$ cat target16.pdb   # PDB, C-alpha atoms
ATOM      1  CA  MET Q   2       0.000   0.000   0.000
ATOM      2  CA  GLU Q   3       1.239   3.492  -0.817
ATOM      3  CA  THR Q   4       2.340   5.672   2.112
ATOM      4  CA  GLN Q   5       2.877   9.425   2.442
ATOM      5  CA  PHE Q   6       6.300  11.031   2.981
ATOM      6  CA  THR Q   7       6.159  12.225   6.614
ATOM      7  CA  PRO Q   8       9.399  14.135   7.308
ATOM      8  CA  VAL Q   9       8.323  15.867  10.543
ATOM      9  CA  GLU Q  10       7.073  12.661  12.201
ATOM     10  CA  ALA Q  11      10.209  10.819  11.051
ATOM     11  CA  LEU Q  12      12.532  13.462  12.541
ATOM     12  CA  VAL Q  13      10.575  13.733  15.815
ATOM     13  CA  GLY Q  14      10.364   9.928  16.176
ATOM     14  CA  GLY Q  15      14.075   9.563  15.416
ATOM     15  CA  ALA Q  16      14.922  12.163  18.072
ATOM     16  CA  LEU Q  17      12.828  10.197  20.598
ATOM     17  CA  ILE Q  18      14.714   7.001  19.693
ATOM     18  CA  GLY Q  19      17.984   8.906  20.173
ATOM     19  CA  SER Q  20      16.785  10.206  23.545
ATOM     20  CA  ALA Q  21      16.037   6.622  24.612
ATOM     21  CA  VAL Q  22      19.663   5.749  23.768
ATOM     22  CA  PHE Q  23      20.700   8.811  25.807
ATOM     23  CA  VAL Q  24      18.671   7.793  28.887
ATOM     24  CA  LEU Q  25      19.836   4.169  28.856
ATOM     25  CA  PHE Q  26      23.519   5.006  28.389
ATOM     26  CA  HIS Q  27      23.650   7.809  30.966
ATOM     27  CA  THR Q  28      21.721   5.935  33.670
ATOM     28  CA  LEU Q  29      22.709   2.271  33.188
ATOM     29  CA  GLY Q  30      25.690   2.653  30.859
ATOM     30  CA  ARG Q  31      24.163   0.266  28.345
ATOM     31  CA  ILE Q  32      23.562   0.271  24.598
ATOM     32  CA  ALA Q  33      19.896   0.287  23.530
ATOM     33  CA  GLY Q  34      19.922  -2.786  21.292
ATOM     34  CA  VAL Q  35      16.591  -4.571  21.065
ATOM     35  CA  SER Q  36      17.676  -7.987  19.728
ATOM     36  CA  GLY Q  37      20.468  -8.091  22.304
ATOM     37  CA  MET Q  38      18.090  -7.308  25.156
ATOM     38  CA  LEU Q  39      15.631  -9.954  24.003
ATOM     39  CA  GLY Q  40      18.481 -12.456  23.689
ATOM     40  CA  ALA Q  41      19.760 -11.665  27.189
ATOM     41  CA  VAL Q  42      16.253 -11.980  28.659
ATOM     42  CA  LEU Q  43      15.835 -15.386  26.993
ATOM     43  CA  ARG Q  44      19.194 -16.807  28.122
ATOM     44  CA  ALA Q  45      18.855 -18.850  31.290
ATOM     45  CA  ALA Q  46      22.330 -17.814  32.425
ATOM     46  CA  THR Q  47      21.418 -14.110  32.640
ATOM     47  CA  PRO Q  48      21.321 -13.082  36.351
ATOM     48  CA  GLY Q  49      18.069 -11.590  37.704
ATOM     49  CA  GLY Q  50      19.547  -8.123  38.184
ATOM     50  CA  GLU Q  51      20.651  -8.049  34.540
ATOM     51  CA  ARG Q  52      17.306  -9.359  33.321
ATOM     52  CA  ILE Q  53      14.910  -7.065  35.170
ATOM     53  CA  TRP Q  54      15.810  -3.701  33.600
ATOM     54  CA  ARG Q  55      15.825  -5.324  30.158
ATOM     55  CA  LEU Q  56      12.332  -6.672  30.798
ATOM     56  CA  ALA Q  57      11.290  -3.152  31.901
ATOM     57  CA  PHE Q  58      12.738  -1.758  28.646
ATOM     58  CA  LEU Q  59      10.882  -4.341  26.540
ATOM     59  CA  LEU Q  60       7.654  -3.560  28.445
ATOM     60  CA  GLY Q  61       8.181   0.156  27.792
ATOM     61  CA  LEU Q  62       8.842  -0.631  24.124
ATOM     62  CA  LEU Q  63       5.443  -2.321  23.978
ATOM     63  CA  LEU Q  64       3.633   0.472  25.867
ATOM     64  CA  GLY Q  65       5.348   3.393  24.084
ATOM     65  CA  PRO Q  66       3.209   3.141  20.935
ATOM     66  CA  LEU Q  67       0.026   3.149  23.074
ATOM     67  CA  LEU Q  68       1.236   6.375  24.676
ATOM     68  CA  ALA Q  69       1.963   7.890  21.254
ATOM     69  CA  VAL Q  70      -1.452   6.829  19.932
ATOM     70  CA  ALA Q  71      -3.162   8.340  23.000
ATOM     71  CA  ILE Q  72      -1.347  11.653  22.493
ATOM     72  CA  LEU Q  73      -1.641  11.927  18.707
ATOM     73  CA  GLN Q  74      -5.131  10.367  18.499
ATOM     74  CA  ARG Q  75      -4.480   8.406  15.320
ATOM     75  CA  PRO Q  76      -3.545   4.822  14.461
ATOM     76  CA  LEU Q  77       0.230   4.294  14.330
ATOM     77  CA  VAL Q  78       0.596   0.503  14.567
ATOM     78  CA  GLN Q  79      -0.345  -1.249  11.330
ATOM     79  CA  PRO Q  80      -0.244  -4.899  10.209
ATOM     80  CA  SER Q  81       2.338  -6.210   7.740
ATOM     81  CA  PRO Q  82       1.153  -6.755   4.168
ATOM     82  CA  ALA Q  83       3.148 -10.020   4.046
ATOM     83  CA  SER Q  84       1.350 -13.382   4.244
ATOM     84  CA  LEU Q  85       1.605 -15.674   7.282
ATOM     85  CA  PRO Q  86       4.138 -18.123   5.718
ATOM     86  CA  VAL Q  87       6.317 -15.234   4.527
ATOM     87  CA  LEU Q  88       6.186 -13.671   8.009
ATOM     88  CA  ILE Q  89       7.308 -16.939   9.611
ATOM     89  CA  VAL Q  90      10.291 -17.183   7.255
ATOM     90  CA  ALA Q  91      10.990 -13.470   7.819
ATOM     91  CA  GLY Q  92      10.869 -13.911  11.607
ATOM     92  CA  LEU Q  93      13.309 -16.836  11.523
ATOM     93  CA  ALA Q  94      15.698 -14.877   9.298
ATOM     94  CA  VAL Q  95      15.494 -11.763  11.498
ATOM     95  CA  GLY Q  96      16.043 -13.700  14.749
ATOM     96  CA  LEU Q  97      18.824 -15.900  13.394
ATOM     97  CA  GLY Q  98      20.491 -13.012  11.567
ATOM     98  CA  THR Q  99      20.453 -10.444  14.374
ATOM     99  CA  GLY Q 100      21.647 -13.073  16.857
ATOM    100  CA  MET Q 101      24.540 -14.115  14.608
ATOM    101  CA  ALA Q 102      25.502 -10.510  13.856
ATOM    102  CA  ASN Q 103      25.082  -9.439  17.518
ATOM    103  CA  GLY Q 104      22.748  -6.603  16.611
ATOM    104  CA  CYS Q 105      19.941  -5.154  14.525
ATOM    105  CA  THR Q 106      18.703  -1.751  13.401
ATOM    106  CA  SER Q 107      18.937  -0.297  16.926
ATOM    107  CA  GLY Q 108      22.187  -1.804  18.251
ATOM    108  CA  HIS Q 109      24.200  -1.616  15.007
ATOM    109  CA  GLY Q 110      22.185   0.897  12.934
ATOM    110  CA  VAL Q 111      21.659   3.591  15.565
ATOM    111  CA  CYS Q 112      24.001   2.970  18.522
ATOM    112  CA  GLY Q 113      26.944   1.389  16.700
ATOM    113  CA  VAL Q 114      26.946   3.796  13.772
ATOM    114  CA  SER Q 115      26.754   6.800  16.109
ATOM    115  CA  ARG Q 116      29.797   5.450  18.019
ATOM    116  CA  LEU Q 117      31.568   4.994  14.651
ATOM    117  CA  SER Q 118      32.040   1.263  15.321
ATOM    118  CA  LEU Q 119      33.449  -0.349  12.181
ATOM    119  CA  ARG Q 120      31.626  -3.632  12.893
ATOM    120  CA  SER Q 121      28.315  -1.796  13.164
ATOM    121  CA  ILE Q 122      28.900   0.320  10.062
ATOM    122  CA  VAL Q 123      29.678  -2.847   8.094
ATOM    123  CA  ALA Q 124      26.663  -4.708   9.559
ATOM    124  CA  THR Q 125      24.360  -1.770   8.788
ATOM    125  CA  GLY Q 126      25.642  -1.542   5.220
ATOM    126  CA  VAL Q 127      25.053  -5.269   4.709
ATOM    127  CA  PHE Q 128      21.539  -5.461   6.184
ATOM    128  CA  MET Q 129      20.452  -2.268   4.425
ATOM    129  CA  ALA Q 130      21.747  -3.612   1.093
ATOM    130  CA  PHE Q 131      19.987  -6.967   1.551
ATOM    131  CA  GLY Q 132      16.844  -5.213   2.809
ATOM    132  CA  PHE Q 133      16.733  -2.970  -0.257
ATOM    133  CA  PHE Q 134      17.421  -5.909  -2.557
ATOM    134  CA  THR Q 135      14.817  -8.191  -0.972
ATOM    135  CA  ALA Q 136      12.064  -5.569  -0.880
ATOM    136  CA  SER Q 137      12.834  -4.240  -4.353
ATOM    137  CA  VAL Q 138      13.177  -7.613  -6.082
ATOM    138  CA  GLY Q 139      11.661 -10.268  -3.823
ATOM    139  CA  ARG Q 140       8.507  -8.323  -3.118
ATOM    140  CA  HIS Q 141       7.618  -8.271  -6.808
ATOM    141  CA  LEU Q 142       8.403 -11.965  -7.177
ATOM    142  CA  PHE Q 143       6.038 -12.845  -4.331
ATOM    143  CA  ALA Q 144       3.330 -10.304  -5.135
ATOM    144  CA  GLY Q 145       3.468 -11.072  -8.877
TER     145      GLY Q 145
ATOM    146  CA  MET R   5      18.855   0.737  43.392
ATOM    147  CA  THR R   6      16.905  -1.950  41.580
ATOM    148  CA  LEU R   7      13.831   0.292  41.363
ATOM    149  CA  GLY R   8      15.932   3.015  39.746
ATOM    150  CA  LYS R   9      17.229   0.541  37.154
ATOM    151  CA  ILE R  10      13.712  -0.678  36.394
ATOM    152  CA  LEU R  11      12.434   2.888  36.001
ATOM    153  CA  SER R  12      15.390   3.796  33.749
ATOM    154  CA  GLY R  13      14.750   0.764  31.559
ATOM    155  CA  LEU R  14      11.039   1.508  31.434
ATOM    156  CA  LEU R  15      11.554   5.194  30.547
ATOM    157  CA  ALA R  16      14.064   4.347  27.809
ATOM    158  CA  GLY R  17      11.690   1.682  26.445
ATOM    159  CA  LEU R  18       8.737   4.083  26.457
ATOM    160  CA  LEU R  19      10.734   6.752  24.596
ATOM    161  CA  PHE R  20      12.006   4.144  22.129
ATOM    162  CA  GLY R  21       8.545   2.650  21.518
ATOM    163  CA  ALA R  22       6.863   6.046  21.180
ATOM    164  CA  GLY R  23       9.628   7.131  18.793
ATOM    165  CA  LEU R  24       9.204   4.011  16.648
ATOM    166  CA  ALA R  25       5.431   4.533  16.453
ATOM    167  CA  ILE R  26       5.568   8.276  15.708
ATOM    168  CA  SER R  27       8.297   7.855  13.100
ATOM    169  CA  GLY R  28       6.275   5.267  11.149
ATOM    170  CA  MET R  29       8.474   2.250  11.920
ATOM    171  CA  THR R  30       5.483   0.317  13.330
ATOM    172  CA  ASN R  31       3.835   0.541   9.912
ATOM    173  CA  PRO R  32       5.467  -2.243   7.833
ATOM    174  CA  ASP R  33       3.973  -0.766   4.641
ATOM    175  CA  LYS R  34       6.031   2.355   5.276
ATOM    176  CA  VAL R  35       9.165   0.311   5.988
ATOM    177  CA  LEU R  36       8.711  -1.761   2.819
ATOM    178  CA  ASN R  37       7.995   1.369   0.764
ATOM    179  CA  PHE R  38      11.330   2.719   2.004
ATOM    180  CA  LEU R  39      13.182  -0.497   1.177
ATOM    181  CA  ASP R  40      11.456  -0.989  -2.195
ATOM    182  CA  LEU R  41      13.212   1.374  -4.580
ATOM    183  CA  THR R  42      11.211   0.247  -7.599
ATOM    184  CA  GLY R  43       7.690   1.234  -6.562
ATOM    185  CA  THR R  44       6.207   4.079  -4.552
ATOM    186  CA  TRP R  45       9.362   5.040  -2.649
ATOM    187  CA  ASP R  46       8.793   6.671   0.751
ATOM    188  CA  PRO R  47      12.074   8.195   2.038
ATOM    189  CA  SER R  48      10.697   8.930   5.550
ATOM    190  CA  LEU R  49      12.722   6.240   7.327
ATOM    191  CA  ALA R  50      16.024   7.705   6.141
ATOM    192  CA  LEU R  51      15.102  10.763   8.204
ATOM    193  CA  VAL R  52      14.458   8.581  11.269
ATOM    194  CA  MET R  53      18.090   7.436  11.109
ATOM    195  CA  ALA R  54      19.242  10.967  10.246
ATOM    196  CA  SER R  55      17.694  12.232  13.462
ATOM    197  CA  ALA R  56      18.302   9.265  15.811
ATOM    198  CA  ILE R  57      22.041   8.985  15.001
ATOM    199  CA  PRO R  58      23.106  12.573  15.898
ATOM    200  CA  VAL R  59      21.164  12.471  19.193
ATOM    201  CA  SER R  60      22.764   9.099  20.050
ATOM    202  CA  ALA R  61      26.198  10.373  19.009
ATOM    203  CA  LEU R  62      25.706  13.319  21.365
ATOM    204  CA  ALA R  63      24.789  10.892  24.168
ATOM    205  CA  PHE R  64      27.994   8.864  23.648
ATOM    206  CA  TRP R  65      30.133  12.011  23.280
ATOM    207  CA  LEU R  66      28.775  13.569  26.486
ATOM    208  CA  ALA R  67      29.284  10.270  28.318
ATOM    209  CA  ARG R  68      33.050  10.582  27.730
ATOM    210  CA  ARG R  69      33.084  13.398  30.275
ATOM    211  CA  ARG R  70      31.543  11.180  32.956
ATOM    212  CA  LYS R  71      33.399   8.569  34.962
ATOM    213  CA  ARG R  72      30.331   6.342  35.278
ATOM    214  CA  PRO R  73      26.615   6.285  34.510
ATOM    215  CA  LEU R  74      24.152   7.381  37.225
ATOM    216  CA  LEU R  75      23.072   3.949  38.461
ATOM    217  CA  GLU R  76      25.926   1.576  37.543
ATOM    218  CA  PRO R  77      29.655   1.415  38.328
ATOM    219  CA  GLY R  78      30.709   1.696  34.681
ATOM    220  CA  PHE R  79      29.787   1.961  31.011
ATOM    221  CA  VAL R  80      29.509  -1.339  29.107
ATOM    222  CA  LEU R  81      30.456  -1.147  25.434
ATOM    223  CA  PRO R  82      30.958  -4.014  22.961
ATOM    224  CA  THR R  83      34.612  -4.993  22.865
ATOM    225  CA  ASN R  84      34.589  -7.194  19.761
ATOM    226  CA  THR R  85      36.081  -5.344  16.789
ATOM    227  CA  ARG R  86      36.605  -8.315  14.452
ATOM    228  CA  LEU R  87      34.794  -8.498  11.118
ATOM    229  CA  GLU R  88      34.043 -12.217  11.211
ATOM    230  CA  THR R  89      31.859 -14.402   8.987
ATOM    231  CA  PRO R  90      28.768 -14.515  11.270
ATOM    232  CA  LEU R  91      28.593 -10.702  11.184
ATOM    233  CA  PHE R  92      28.256 -10.747   7.390
ATOM    234  CA  VAL R  93      26.012 -13.820   7.090
ATOM    235  CA  GLY R  94      23.841 -12.714  10.005
ATOM    236  CA  SER R  95      23.394  -9.174   8.723
ATOM    237  CA  ALA R  96      22.532 -10.510   5.254
ATOM    238  CA  LEU R  97      19.912 -12.870   6.733
ATOM    239  CA  PHE R  98      18.500 -10.057   8.843
ATOM    240  CA  GLY R  99      18.234  -7.762   5.804
ATOM    241  CA  ILE R 100      16.390 -10.473   3.857
ATOM    242  CA  GLY R 101      13.916 -11.030   6.716
ATOM    243  CA  TRP R 102      13.427  -7.288   7.160
ATOM    244  CA  GLY R 103      12.755  -6.823   3.453
ATOM    245  CA  LEU R 104      10.234  -9.683   3.429
ATOM    246  CA  GLY R 105       8.071  -8.709   6.400
ATOM    247  CA  GLY R 106       8.855  -5.048   7.075
ATOM    248  CA  TYR R 107       9.655  -5.832  10.727
ATOM    249  CA  CYS R 108      12.949  -5.501  12.534
ATOM    250  CA  PRO R 109      13.067  -6.596  16.220
ATOM    251  CA  GLY R 110      12.192  -3.258  17.886
ATOM    252  CA  PRO R 111       9.096  -2.410  15.823
ATOM    253  CA  ALA R 112       7.933  -6.050  15.946
ATOM    254  CA  ILE R 113       7.895  -5.987  19.758
ATOM    255  CA  ALA R 114       6.438  -2.465  19.823
ATOM    256  CA  SER R 115       3.637  -3.619  17.493
ATOM    257  CA  LEU R 116       2.539  -6.155  20.139
ATOM    258  CA  SER R 117       0.498  -3.276  21.562
ATOM    259  CA  GLN R 118      -1.905  -4.323  18.799
ATOM    260  CA  PRO R 119      -1.560  -8.112  18.803
ATOM    261  CA  SER R 120      -2.464 -10.280  15.810
ATOM    262  CA  VAL R 121      -1.835 -13.878  14.730
ATOM    263  CA  PRO R 122       0.611 -12.989  11.904
ATOM    264  CA  LEU R 123       2.600 -10.698  14.228
ATOM    265  CA  GLY R 124       2.613 -13.391  16.923
ATOM    266  CA  ALA R 125       3.889 -15.940  14.397
ATOM    267  CA  PHE R 126       6.655 -13.546  13.324
ATOM    268  CA  LEU R 127       7.689 -12.978  16.962
ATOM    269  CA  VAL R 128       7.715 -16.700  17.821
ATOM    270  CA  ALA R 129       9.811 -17.437  14.710
ATOM    271  CA  MET R 130      12.139 -14.513  15.546
ATOM    272  CA  THR R 131      12.606 -15.808  19.102
ATOM    273  CA  LEU R 132      13.386 -19.324  17.850
ATOM    274  CA  GLY R 133      15.863 -17.888  15.356
ATOM    275  CA  LEU R 134      17.530 -15.844  18.097
ATOM    276  CA  LEU R 135      17.794 -18.920  20.339
ATOM    277  CA  ALA R 136      19.392 -20.955  17.528
ATOM    278  CA  SER R 137      21.751 -18.169  16.443
ATOM    279  CA  GLY R 138      24.584 -18.945  18.855
ATOM    280  CA  ARG R 139      24.888 -22.497  17.590
ATOM    281  CA  VAL R 140      24.697 -21.481  13.915
ATOM    282  CA  ALA R 141      27.283 -18.723  14.454
ATOM    283  CA  GLY R 142      29.532 -21.339  16.083
ATOM    284  CA  TRP R 143      29.437 -23.486  12.929
ATOM    285  CA  LEU R 144      30.664 -20.531  10.867
ATOM    286  CA  SER R 145      33.378 -19.503  13.237
ATOM    287  CA  PRO R 146      36.596 -21.590  13.465
ATOM    288  CA  THR R 147      37.017 -20.838  17.177
ATOM    289  CA  GLY R 148      33.407 -21.645  17.977
ATOM    290  CA  THR R 149      33.210 -18.791  20.462
ATOM    291  CA  VAL R 150      31.254 -16.307  18.379
ATOM    292  CA  GLY R 151      27.639 -15.418  19.023
ATOM    293  CA  PRO R 152      25.287 -15.045  21.969
ATOM    294  CA  ALA R 153      26.118 -18.504  23.358
ATOM    295  CA  GLY R 154      29.673 -17.348  23.938
ATOM    296  CA  ALA R 155      28.646 -14.204  25.806
ATOM    297  CA  SER R 156      28.752 -14.029  29.587
ATOM    298  CA  PRO R 157      28.175 -11.244  32.137
ATOM    299  CA  SER R 158      31.894 -11.046  32.911
ATOM    300  CA  ALA R 159      32.773 -10.706  29.242
ATOM    301  CA  PRO R 160      30.110  -8.288  27.988
ATOM    302  CA  ARG R 161      29.997  -9.337  24.370
ATOM    303  CA  GLN R 162      26.243  -9.415  24.053
ATOM    304  CA  PRO R 163      24.160  -8.969  20.948
ATOM    305  CA  ARG R 164      22.737  -5.523  20.982
ATOM    306  CA  GLY R 165      20.539  -4.876  17.926
TER     307      GLY R 165
END
$ encode --input "target16.pdb" --output "structure tokens"
Amino acid sequence: METQFTPVEALVGGALIGSAVFVLFHTLGRIAGVSGMLGAVLRAATPGGERIWRLAFLLGLLLGPLLAVAILQRPLVQPSPASLPVLIVAGLAVGLGTGMANGCTSGHGVCGVSRLSLRSIVATGVFMAFGFFTASVGRHLFAG
Amino acid sequence: MTLGKILSGLLAGLLFGAGLAISGMTNPDKVLNFLDLTGTWDPSLALVMASAIPVSALAFWLARRRKRPLLEPGFVLPTNTRLETPLFVGSALFGIGWGLGGYCPGPAIASLSQPSVPLGAFLVAMTLGLLASGRVAGWLSPTGTVGPAGASPSAPRQPRG
């Protein structure tokens, strides 16, 4: 489905994401990486004290959109146009890939790039390239 | 100071989730229209990065002037600087999955505020993939120490995406 170019919302939302990175690093000294936090929460070896603030972050992540919807009074969370089988394959690839690469759009794309980490810049370049390729080519193969 | 840590995590999560929703990242159509250069291209998400990165860079730059964060004894940054095979293969797999469904991990979890069966299926598959990733990364790495399975609290080499 076609979407409108929304520069103001994109810039404001991006600044909020950056401020979340700010809060987490200046209070707990940690990088705001979502796949890493989920991974740490899932690992049995993670001690309770290390798990609890990550769970709080993930809860906030889930509640944040509700807060934004309540303030802006319009729908912001939309379903994916992809079919159920495609979403299952996509989920496996995203989980496996971000776990193997130790990061996703937040940990590598935002935090790592802004720290000028070479690993993160390389990872971001690779996942952006494959994301562009898959959506530009694969989407038309599947949609026909 | 456990309560302080919980509140810090919660506040950061709320800001992150609200930011994702306002920016359009919880609308997979918008994500796919950004990634699909051949159709109705929507450049909005480039501006999300263009705004999130400078604010984050400022956070890391200002942190250099502090000895420690407010609630912990020290800053924890990834120490691995090697460009090893799992980084490339993993990032490629992630990009493919992102381009198929329009979800990366943050927006997928944030979208749980409006649960649905397809989203739930994506999240279950993503969790299974994440759990298997340490083993798969080990196969690709000659030392067998790469990936989340090799991370421990004393050696903070955790995935962070």
$ axis_aligned_box --input "target16.pdb" --around "range 81-84 of chain R" --padding-each-side "8 Å" --output "AutoDock Vina command-line options"
--center_x 32.5 --center_y -4.2 --center_z 22.6 --size_x 20.2 --size_y 22.0 --size_z 21.7
$ closest_residue --input "target16.pdb" --among "R:Leu144, R:Val59, R:Val35, R:Leu7" --to "chain Q" --atoms "all atoms listed in the file"
R:Val59
$ resolve_selection --input "target16.pdb" --expression "the PyMOL selection byres ((chain Q and resi 112-121) around 8)" --output "PDB file with C-alpha atoms, in the frame of the given file"
ATOM      1  CA  VAL Q  22      19.663   5.749  23.768  1.00  0.00           C
ATOM      2  CA  ILE Q  32      23.562   0.271  24.598  1.00  0.00           C
ATOM      3  CA  ALA Q  33      19.896   0.287  23.530  1.00  0.00           C
ATOM      4  CA  GLY Q  34      19.922  -2.786  21.292  1.00  0.00           C
ATOM      5  CA  SER Q 107      18.937  -0.297  16.926  1.00  0.00           C
ATOM      6  CA  GLY Q 108      22.187  -1.804  18.251  1.00  0.00           C
ATOM      7  CA  HIS Q 109      24.200  -1.616  15.007  1.00  0.00           C
ATOM      8  CA  GLY Q 110      22.185   0.897  12.934  1.00  0.00           C
ATOM      9  CA  VAL Q 111      21.659   3.591  15.565  1.00  0.00           C
ATOM     10  CA  ILE Q 122      28.900   0.320  10.062  1.00  0.00           C
ATOM     11  CA  VAL Q 123      29.678  -2.847   8.094  1.00  0.00           C
ATOM     12  CA  ALA Q 124      26.663  -4.708   9.559  1.00  0.00           C
ATOM     13  CA  THR Q 125      24.360  -1.770   8.788  1.00  0.00           C
TER      14      THR Q 125
ATOM     15  CA  ILE R  57      22.041   8.985  15.001  1.00  0.00           C
ATOM     16  CA  PRO R  58      23.106  12.573  15.898  1.00  0.00           C
ATOM     17  CA  SER R  60      22.764   9.099  20.050  1.00  0.00           C
ATOM     18  CA  ALA R  61      26.198  10.373  19.009  1.00  0.00           C
ATOM     19  CA  PHE R  64      27.994   8.864  23.648  1.00  0.00           C
ATOM     20  CA  THR R  85      36.081  -5.344  16.789  1.00  0.00           C
ATOM     21  CA  ARG R  86      36.605  -8.315  14.452  1.00  0.00           C
ATOM     22  CA  LEU R  87      34.794  -8.498  11.118  1.00  0.00           C
ATOM     23  CA  LEU R  91      28.593 -10.702  11.184  1.00  0.00           C
TER      24      LEU R  91
END
$ residues_around --input "target16.pdb" --residues "range 44-46 of chain R" --least-positions-apart "5" --cutoff "7 Å" --atoms "all atoms listed in the file" --output "list in words"
Glu3, Thr4, Gln5 and Phe6 of chain Q; Lys34, Asn37 and Phe38 of chain R
$ closest_residue --input "target16.pdb" --among "Q:His141, Q:Asn103, Q:Leu17, Q:Ser81" --to "Thr83 in chain R" --atoms "all atoms listed in the file"
Q:Asn103
$ closest_atom_pairs --input "target16.pdb" --of "range 36-124 of chain Q" --to "range 100-117 of chain R" --cutoff "6 Å" --atoms "all atoms listed in the file" --output "CSV"
residue,atom,partner,partner_atom,distance
Q:Ser36,CA,R:Pro109,CA,6.0
Q:Leu62,CA,R:Ala114,CA,5.3
Q:Leu63,CA,R:Ala114,CA,4.3
Q:Val78,CA,R:Ser115,CA,5.9
Q:Ala83,CA,R:Gly105,CA,5.6
Q:Leu88,CA,R:Gly105,CA,5.5
Q:Ala91,CA,R:Gly101,CA,4.0
Q:Ala94,CA,R:Gly101,CA,5.0
Q:Val95,CA,R:Gly101,CA,5.1
$ resolve_selection --input "target16.pdb" --expression "the PyMOL selection byres ((chain Q and resi 89) around 6)" --output "ChimeraX atom specification"
/Q:86-88,90-92 /R:125-126,129
$ residues_near_point --input "target16.pdb" --point "(21.3, -4.0, 7.6)" --cutoff "6 Å" --atoms "all atoms listed in the file" --output "list in words"
Ala124, Thr125, Gly126, Val127, Phe128 and Met129 of chain Q; Ser95 and Gly99 of chain R
$ residues_near_point --input "target16.pdb" --point "(12.4, -1.0, 28.7)" --cutoff "7 Å" --atoms "all atoms listed in the file" --output "short mmCIF file (atom, residue, chain, number, x, y, z; two decimals) with C-alpha atoms, keeping the file's coordinate frame"
data_model
loop_
_atom_site.label_atom_id
_atom_site.label_comp_id
_atom_site.auth_asym_id
_atom_site.auth_seq_id
_atom_site.Cartn_x
_atom_site.Cartn_y
_atom_site.Cartn_z
CA TRP Q 54 15.81 -3.70 33.60
CA ARG Q 55 15.82 -5.32 30.16
CA LEU Q 56 12.33 -6.67 30.80
CA ALA Q 57 11.29 -3.15 31.90
CA PHE Q 58 12.74 -1.76 28.65
CA LEU Q 59 10.88 -4.34 26.54
CA LEU Q 60 7.65 -3.56 28.44
CA GLY Q 61 8.18 0.16 27.79
CA LEU Q 62 8.84 -0.63 24.12
CA GLY R 13 14.75 0.76 31.56
CA LEU R 14 11.04 1.51 31.43
CA LEU R 15 11.55 5.19 30.55
CA ALA R 16 14.06 4.35 27.81
CA GLY R 17 11.69 1.68 26.44
CA LEU R 18 8.74 4.08 26.46
#
$ closest_residue --input "target16.pdb" --among "R:Gly124, R:Pro82, R:Pro32, R:Gly142" --to "chain Q" --atoms "all atoms listed in the file"
R:Pro32
